[in-house]
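Written below as structure tokens is the structure these notes are about.
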Amino acid sequence: MMALQIVFFSIFFFVSFTIAQGVRTLNVRNYGAIVDGRTDDKKAFLRAWNDACYQNGGSIVYIPKGVYMVGSVEFAGPCRGPIMFLISGDLKAPIGPYSNVEKWIGFQHVNNLIVKGGGTLDGQGPSAWPYNKCQKTNNCDPLPISIKFDFVTNSRIESIRSVNSKNVHLAIYGCNNVNVSKVDLLAPADSPNTDGIKISRSADIRITNSRIRTGDDCIAIISGSSNIDVSYVYCGPGHGISIGSLGKYKNEENVNGVTVRKCTLNGTDNGVRIKSWESPYAITASKFLFQDIFMENVRNPIIVDQTYCPHSPCNQETASYVQIQDVTYRNIWGTSSSQVAVSFECSKKFPCKNIVMTDVNLAIVGGEGPLKSSCSYVKGRSFGRQNPPPCF
């Protein structure tokens with residue numbers, strides 16, 4: 001309730017402030033942006049942003065319809081008033097990998113920000129994916145994230161389309177009280193590391209009414225995240241909705257308070273997944289609720305994998321030190337494309353505990369044999385209808 005009050009206050013503040021003070025609209029074309037899809041408009045965008053940021057009162061940075069090529073750019077605060085970044089046009093990233101850059105478009109240290117407009121961010125991923133080495137080794141330079149929000153508070157991201165990101169489509173780091181809604185994120189199923197939304201070290205983040213079709217996790221919630229609510233999201237293709245991976249790095253923080261509800265997963269590798277590395281770095285992952293979720297032709301509808309290691313070398317001599325606890329699965333139904341529809345491969349050092357499953361009703365695609373559950377090192381309870389039969 002407190003988080004919702006903050007959101008409503010933020011929206012009311014922006015509207016009231018702009019009515020009382022007037023809104024200054026800063027059109028990037030008036031700052032020299034050339035709408036040809038070839039000339040780098042980074043400097044024009046930055047000049048418009050800086051004028052908006054340094055002005056007292058509300059401002060709109062306006063990107064009208066047309067195609068703009070924009071190099072890697074950071075829109076930094078803190079700013080003197082609320083800002084709406086209104087993207088009506090289509091933005092294109094430079095062609096190629098430029099792998100020494102963390103992000104294509106970034107917003108940093110901004111309060112009361114709205115990013116919206118119905119425009120498209122085209123990451124030009126096909127020109128960079130052949131250079132991606134991170135699927136095969138840990139020793140690699142990641143390709144740029146399409147749009148990243150660092151230390152942004154009391155803000156909204158809505159009605160944005162991102163296609164063919166070189167890496168993650170949308171990343172949220174160190175943020176508080178951010179709403180993400182009506183976003184459409186698209187990349188081919190075989191595109192490498194193109195996670196839809198990645199959240200880390202952030203609190204009170206809400207994602208709703210969005211469609212994510214990509215080559216990696218539709219949503220990944222990682223270290224230091226709390227009070228995350230995901231609802232009415234369509235995911236597929238992709239790797240599902242994941243908490244993790246966790247426990248890979250020494251200074252990771254606990255993850256707690258994640259709700260995933262009223263979502264659809266279609267043709268994904270995984271449904272709802274919790275994953276951690278076999279490493280000695282101890283954190284707690286707790287208080288998760290997965291509820292009212294429809295699975296269609298999903299390979300692993302419900303999965304906990306604490307032996308996660310997508311590429312060698314893997315240290316299987318050390319069990320995961322991530323403690324998973326207080327996880328509820330409620331009213332999950334649909335179809336599985338594999339016989340093992342429910343899998344809990346938990347840590348032998350810190351077994352999963354207080355896992356609760358209520359009304360899980362899955363069927364196998366094609367009807368080939370009964371569905372199964374698989375359990376290792378897990379303590380839990382089940383209620384209501386259960387198909388496949390529970391293994392605890």
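Chain labels A, B, ... are given in the sequence in which chains occur in the structure tokens; within each chain residues are numbered consecutively from 1, and ligands are likewise numbered from 1 in the order shown.
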Could you find all residues in region 135-181 of chain A that DSSP calls strand (DSSP E) from the backbone, and write them as a PyMOL selection string? chain A and resi 145-150+153-158+161-163+170-173+176-181
Would you return as a ChimeraX atom specification the members of region 95-323 of chain A that DSSP assigns to helix (DSSP H, G or I) on this structure's backbone? /A:125-127,129-131
Saved selection, atoms kept: all heavy atoms, as a PDB file, in the first residue's frame:
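What follows is the written file out.pdb:
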ATOM      1  N   GLY A 125      20.721  -5.517 -33.117  1.00  0.00           N
ATOM      2  CA  GLY A 125      21.367  -6.705 -32.585  1.00  0.00           C
ATOM      3  C   GLY A 125      22.013  -7.641 -33.590  1.00  0.00           C
ATOM      4  O   GLY A 125      23.111  -8.151 -33.331  1.00  0.00           O
ATOM      5  N   PRO A 126      21.371  -7.888 -34.752  1.00  0.00           N
ATOM      6  CA  PRO A 126      21.995  -8.833 -35.697  1.00  0.00           C
ATOM      7  C   PRO A 126      23.408  -8.448 -36.120  1.00  0.00           C
ATOM      8  O   PRO A 126      24.197  -9.315 -36.492  1.00  0.00           O
ATOM      9  CB  PRO A 126      21.026  -8.801 -36.892  1.00  0.00           C
ATOM     10  CG  PRO A 126      19.700  -8.476 -36.283  1.00  0.00           C
ATOM     11  CD  PRO A 126      20.017  -7.506 -35.176  1.00  0.00           C
ATOM     12  N   SER A 127      23.754  -7.159 -36.034  1.00  0.00           N
ATOM     13  CA  SER A 127      25.109  -6.733 -36.406  1.00  0.00           C
ATOM     14  C   SER A 127      26.125  -7.031 -35.306  1.00  0.00           C
ATOM     15  O   SER A 127      27.333  -6.909 -35.528  1.00  0.00           O
ATOM     16  CB  SER A 127      25.118  -5.232 -36.707  1.00  0.00           C
ATOM     17  OG  SER A 127      24.884  -4.470 -35.523  1.00  0.00           O
ATOM     18  N   TRP A 129      25.415  -9.730 -32.556  1.00  0.00           N
ATOM     19  CA  TRP A 129      25.306 -11.055 -31.937  1.00  0.00           C
ATOM     20  C   TRP A 129      26.425 -12.024 -32.336  1.00  0.00           C
ATOM     21  O   TRP A 129      26.870 -12.809 -31.491  1.00  0.00           O
ATOM     22  CB  TRP A 129      23.938 -11.674 -32.242  1.00  0.00           C
ATOM     23  CG  TRP A 129      22.791 -10.908 -31.667  1.00  0.00           C
ATOM     24  CD1 TRP A 129      22.797 -10.165 -30.523  1.00  0.00           C
ATOM     25  CD2 TRP A 129      21.471 -10.794 -32.212  1.00  0.00           C
ATOM     26  NE1 TRP A 129      21.556  -9.590 -30.320  1.00  0.00           N
ATOM     27  CE2 TRP A 129      20.728  -9.963 -31.338  1.00  0.00           C
ATOM     28  CE3 TRP A 129      20.843 -11.313 -33.342  1.00  0.00           C
ATOM     29  CZ2 TRP A 129      19.391  -9.655 -31.572  1.00  0.00           C
ATOM     30  CZ3 TRP A 129      19.510 -11.026 -33.576  1.00  0.00           C
ATOM     31  CH2 TRP A 129      18.793 -10.199 -32.700  1.00  0.00           C
ATOM     32  N   PRO A 130      26.912 -12.009 -33.586  1.00  0.00           N
ATOM     33  CA  PRO A 130      28.012 -12.931 -33.918  1.00  0.00           C
ATOM     34  C   PRO A 130      29.279 -12.703 -33.087  1.00  0.00           C
ATOM     35  O   PRO A 130      30.126 -13.592 -33.007  1.00  0.00           O
ATOM     36  CB  PRO A 130      28.272 -12.646 -35.405  1.00  0.00           C
ATOM     37  CG  PRO A 130      26.985 -12.101 -35.924  1.00  0.00           C
ATOM     38  CD  PRO A 130      26.426 -11.296 -34.786  1.00  0.00           C
ATOM     39  N   TYR A 131      29.402 -11.511 -32.463  1.00  0.00           N
ATOM     40  CA  TYR A 131      30.589 -11.197 -31.661  1.00  0.00           C
ATOM     41  C   TYR A 131      30.395 -11.527 -30.181  1.00  0.00           C
ATOM     42  O   TYR A 131      31.289 -11.292 -29.368  1.00  0.00           O
ATOM     43  CB  TYR A 131      30.938  -9.712 -31.806  1.00  0.00           C
ATOM     44  CG  TYR A 131      31.223  -9.297 -33.227  1.00  0.00           C
ATOM     45  CD1 TYR A 131      30.216  -8.787 -34.042  1.00  0.00           C
ATOM     46  CD2 TYR A 131      32.501  -9.441 -33.763  1.00  0.00           C
ATOM     47  CE1 TYR A 131      30.471  -8.407 -35.357  1.00  0.00           C
ATOM     48  CE2 TYR A 131      32.767  -9.067 -35.077  1.00  0.00           C
ATOM     49  CZ  TYR A 131      31.744  -8.561 -35.863  1.00  0.00           C
ATOM     50  OH  TYR A 131      32.010  -8.193 -37.166  1.00  0.00           O
TER      51      TYR A 131
END
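Proximity ranking of A:Tyr54, A:Tyr62, A:Trp104, A:Tyr281 relative to Arg80 (chain A) places A:Tyr54 first, based on only C-alpha atoms.
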Set the distance at 10 Å and use only C-alpha atoms: which residues neighbour Gln323 (chain A) once local chain neighbours fewer than 6 positions away are removed? I'd like the list as a count of residues only. 16
Please build the interface table for region 88-170 of chain A against region 186-197 of chain A with a cut-off of 10 Å, listing for each qualifying residue the nearest atom pair and the distance in Å to one decimal; count only C-alpha atoms, order rows by chain and increasing number, and write it as a tab-separated table.
residue	atom	partner	partner_atom	distance
A:Asp122	CA	A:Leu186	CA	9.8
A:Gly123	CA	A:Ala187	CA	9.8
A:Gly125	CA	A:Ser191	CA	8.2
A:Pro126	CA	A:Ser191	CA	8.2
A:Ala128	CA	A:Pro192	CA	10.0
A:Trp129	CA	A:Pro192	CA	6.6
A:Pro130	CA	A:Pro192	CA	9.0
A:Asn132	CA	A:Pro192	CA	7.2
A:Lys133	CA	A:Pro192	CA	9.2
A:Cys134	CA	A:Asn193	CA	8.0
A:Gln135	CA	A:Pro192	CA	7.1
A:Pro142	CA	A:Asn193	CA	9.0
A:Leu143	CA	A:Asn193	CA	9.0
A:Ile145	CA	A:Thr194	CA	8.7
A:Ser146	CA	A:Thr194	CA	9.6
A:Ile147	CA	A:Ile197	CA	9.9
A:Lys148	CA	A:Ile197	CA	9.7
A:Arg161	CA	A:Leu186	CA	7.9
A:Ser162	CA	A:Leu186	CA	6.2
A:Val163	CA	A:Leu186	CA	4.7
A:Asn164	CA	A:Ala187	CA	4.7
A:Ser165	CA	A:Thr194	CA	6.3
A:Lys166	CA	A:Thr194	CA	6.8
A:Asn167	CA	A:Thr194	CA	4.7
A:Val168	CA	A:Asp195	CA	4.6
A:His169	CA	A:Gly196	CA	5.1
A:Leu170	CA	A:Ile197	CA	4.8
Those same residues - C-alpha atoms - I'd like them written as an mmCIF file, in the first residue's frame.
data_model
loop_
_atom_site.group_PDB
_atom_site.id
_atom_site.type_symbol
_atom_site.label_atom_id
_atom_site.label_comp_id
_atom_site.auth_asym_id
_atom_site.auth_seq_id
_atom_site.Cartn_x
_atom_site.Cartn_y
_atom_site.Cartn_z
ATOM 1 C CA ASP A 122 16.235 -0.641 -32.344
ATOM 2 C CA GLY A 123 19.431 -2.089 -30.890
ATOM 3 C CA GLY A 125 21.367 -6.705 -32.585
ATOM 4 C CA PRO A 126 21.995 -8.833 -35.697
ATOM 5 C CA ALA A 128 26.539 -7.607 -32.972
ATOM 6 C CA TRP A 129 25.306 -11.055 -31.937
ATOM 7 C CA PRO A 130 28.012 -12.931 -33.918
ATOM 8 C CA ASN A 132 28.926 -12.355 -28.420
ATOM 9 C CA LYS A 133 31.326 -14.626 -26.527
ATOM 10 C CA CYS A 134 29.530 -14.569 -23.159
ATOM 11 C CA GLN A 135 27.449 -17.673 -23.858
ATOM 12 C CA PRO A 142 29.277 -8.068 -22.626
ATOM 13 C CA LEU A 143 27.574 -6.253 -25.450
ATOM 14 C CA ILE A 145 22.296 -3.013 -22.810
ATOM 15 C CA SER A 146 19.701 -1.154 -24.878
ATOM 16 C CA ILE A 147 18.322 1.060 -22.092
ATOM 17 C CA LYS A 148 19.439 1.139 -18.471
ATOM 18 C CA ARG A 161 9.043 -0.921 -27.809
ATOM 19 C CA SER A 162 12.541 -2.401 -27.929
ATOM 20 C CA VAL A 163 13.635 -4.670 -30.777
ATOM 21 C CA ASN A 164 16.820 -6.623 -31.423
ATOM 22 C CA SER A 165 18.797 -5.480 -28.398
ATOM 23 C CA LYS A 166 22.482 -6.332 -28.548
ATOM 24 C CA ASN A 167 22.268 -7.584 -24.965
ATOM 25 C CA VAL A 168 19.580 -6.956 -22.311
ATOM 26 C CA HIS A 169 16.640 -4.857 -23.514
ATOM 27 C CA LEU A 170 15.903 -2.974 -20.269
#
So that I can check the surroundings of Lys92 (chain A), please list as a tab-separated table (two decimals) with N, CA, C and O atoms, in the first residue's frame every protein, DNA and RNA residue that reaches within 9 Å of it, counting only C-alpha atoms and ignoring chain neighbours fewer than 5 positions away.
chain	number	residue	atom	x	y	z
A	37	GLY	N	18.43	8.80	-39.82
A	37	GLY	CA	18.78	7.44	-39.44
A	37	GLY	C	20.25	7.10	-39.62
A	37	GLY	O	20.64	5.95	-39.43
A	38	ARG	N	21.08	8.10	-39.95
A	38	ARG	CA	22.50	7.86	-40.19
A	38	ARG	C	23.40	8.76	-39.36
A	38	ARG	O	24.44	8.35	-38.86
A	67	VAL	N	13.21	8.74	-37.88
A	67	VAL	CA	14.25	7.76	-37.51
A	67	VAL	C	15.53	8.51	-37.14
A	67	VAL	O	16.03	9.32	-37.93
A	68	TYR	N	16.05	8.23	-35.95
A	68	TYR	CA	17.22	8.90	-35.42
A	68	TYR	C	18.28	7.86	-35.09
A	68	TYR	O	17.99	6.85	-34.45
A	69	MET	N	19.51	8.10	-35.51
A	69	MET	CA	20.62	7.28	-35.05
A	69	MET	C	21.26	7.99	-33.86
A	69	MET	O	21.55	9.19	-33.92
A	70	VAL	N	21.43	7.24	-32.79
A	70	VAL	CA	21.96	7.83	-31.56
A	70	VAL	C	23.08	6.94	-31.03
A	70	VAL	O	22.88	5.74	-30.82
A	71	GLY	N	24.25	7.53	-30.81
A	71	GLY	CA	25.34	6.80	-30.19
A	71	GLY	C	25.10	6.60	-28.71
A	71	GLY	O	24.13	7.11	-28.14
A	120	THR	N	10.12	3.35	-30.83
A	120	THR	CA	10.86	2.08	-30.85
A	120	THR	C	12.35	2.31	-30.66
A	120	THR	O	12.92	3.24	-31.24
A	121	LEU	N	12.97	1.45	-29.86
A	121	LEU	CA	14.42	1.42	-29.72
A	121	LEU	C	14.92	0.21	-30.49
A	121	LEU	O	14.59	-0.93	-30.14
A	122	ASP	N	15.70	0.44	-31.52
A	122	ASP	CA	16.24	-0.64	-32.34
A	122	ASP	C	17.72	-0.80	-32.03
A	122	ASP	O	18.55	0.02	-32.42
A	123	GLY	N	18.05	-1.88	-31.31
A	123	GLY	CA	19.43	-2.09	-30.89
A	123	GLY	C	20.35	-2.60	-31.98
A	123	GLY	O	21.55	-2.73	-31.75
A	124	GLN	N	19.80	-2.90	-33.17
A	124	GLN	CA	20.61	-3.41	-34.29
A	124	GLN	C	21.39	-4.66	-33.88
A	124	GLN	O	22.55	-4.86	-34.28
Separation of CA of Gly244 (chain A) from CA of Cys309 (chain A) in Å: 11.9 Å
Neighbour list for His109 (chain A) as a PyMOL selection string, cut-off 9 Å, only C-alpha atoms, skip fewer than 2 positions in-chain: chain A and resi 75-79+107+111+149-153+175
Selection to disk with C-alpha atoms, as a PDB file, in the first residue's frame:
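Heads up, here's the output in part_1.pdb:
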ATOM      1  CA  PHE A  75      21.129  11.290 -19.399  1.00  0.00           C
ATOM      2  CA  ALA A  76      22.287  12.192 -15.906  1.00  0.00           C
ATOM      3  CA  GLY A  77      20.743  13.984 -12.957  1.00  0.00           C
ATOM      4  CA  PRO A  78      19.938  15.014 -10.366  1.00  0.00           C
ATOM      5  CA  CYS A  79      17.579  17.476 -12.048  1.00  0.00           C
ATOM      6  CA  PHE A 107      19.322   7.413 -17.262  1.00  0.00           C
ATOM      7  CA  ASN A 111      13.853  11.478  -9.616  1.00  0.00           C
ATOM      8  CA  PHE A 149      18.150   2.984 -15.413  1.00  0.00           C
ATOM      9  CA  ASP A 150      20.659   3.530 -12.587  1.00  0.00           C
ATOM     10  CA  PHE A 151      19.543   5.043  -9.264  1.00  0.00           C
ATOM     11  CA  VAL A 152      16.241   6.305 -10.686  1.00  0.00           C
ATOM     12  CA  THR A 153      13.399   6.890  -8.218  1.00  0.00           C
ATOM     13  CA  CYS A 175      16.319   2.009  -8.393  1.00  0.00           C
TER      14      CYS A 175
END
Shell of 8 Å around region 293-295 of chain A, only C-alpha atoms, local chain residues under 2 positions omitted, as a PyMOL selection string: chain A and resi 261-266+271+290-291+297-298+301+331-336
As a ChimeraX atom specification, please: the residues near Lys248 (chain A) (cut-off 12 Å, only C-alpha atoms, same-chain neighbours under 5 positions excluded). /A:138,222-223,253,275-283,306-309,314-315,318-322
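Distance annotation: of A:Thr137, A:Phe85, A:Gly224, A:Asp217, the residue with the minimal separation from Arg156 (chain A) is A:Phe85; atom set is only C-alpha atoms.
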CA of Gly366 (chain A) and CA of Thr268 (chain A) are how many Å apart?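 Computing it gives 16.8 Å between the two atoms.
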Find, counting only C-alpha atoms, the residue in A:Gly66, A:Gly57, A:Pro144, A:Pro310 that gets nearest to Asp90 (chain A).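 Among the listed residues, A:Gly66 lies closest to Asp90 (chain A).
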To one decimal place in Å, what is the distance between CA of Ile105 (chain A) and CA of Phe45 (chain A)?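 Separation between CA of Ile105 (chain A) and CA of Phe45 (chain A): 10.9 Å.
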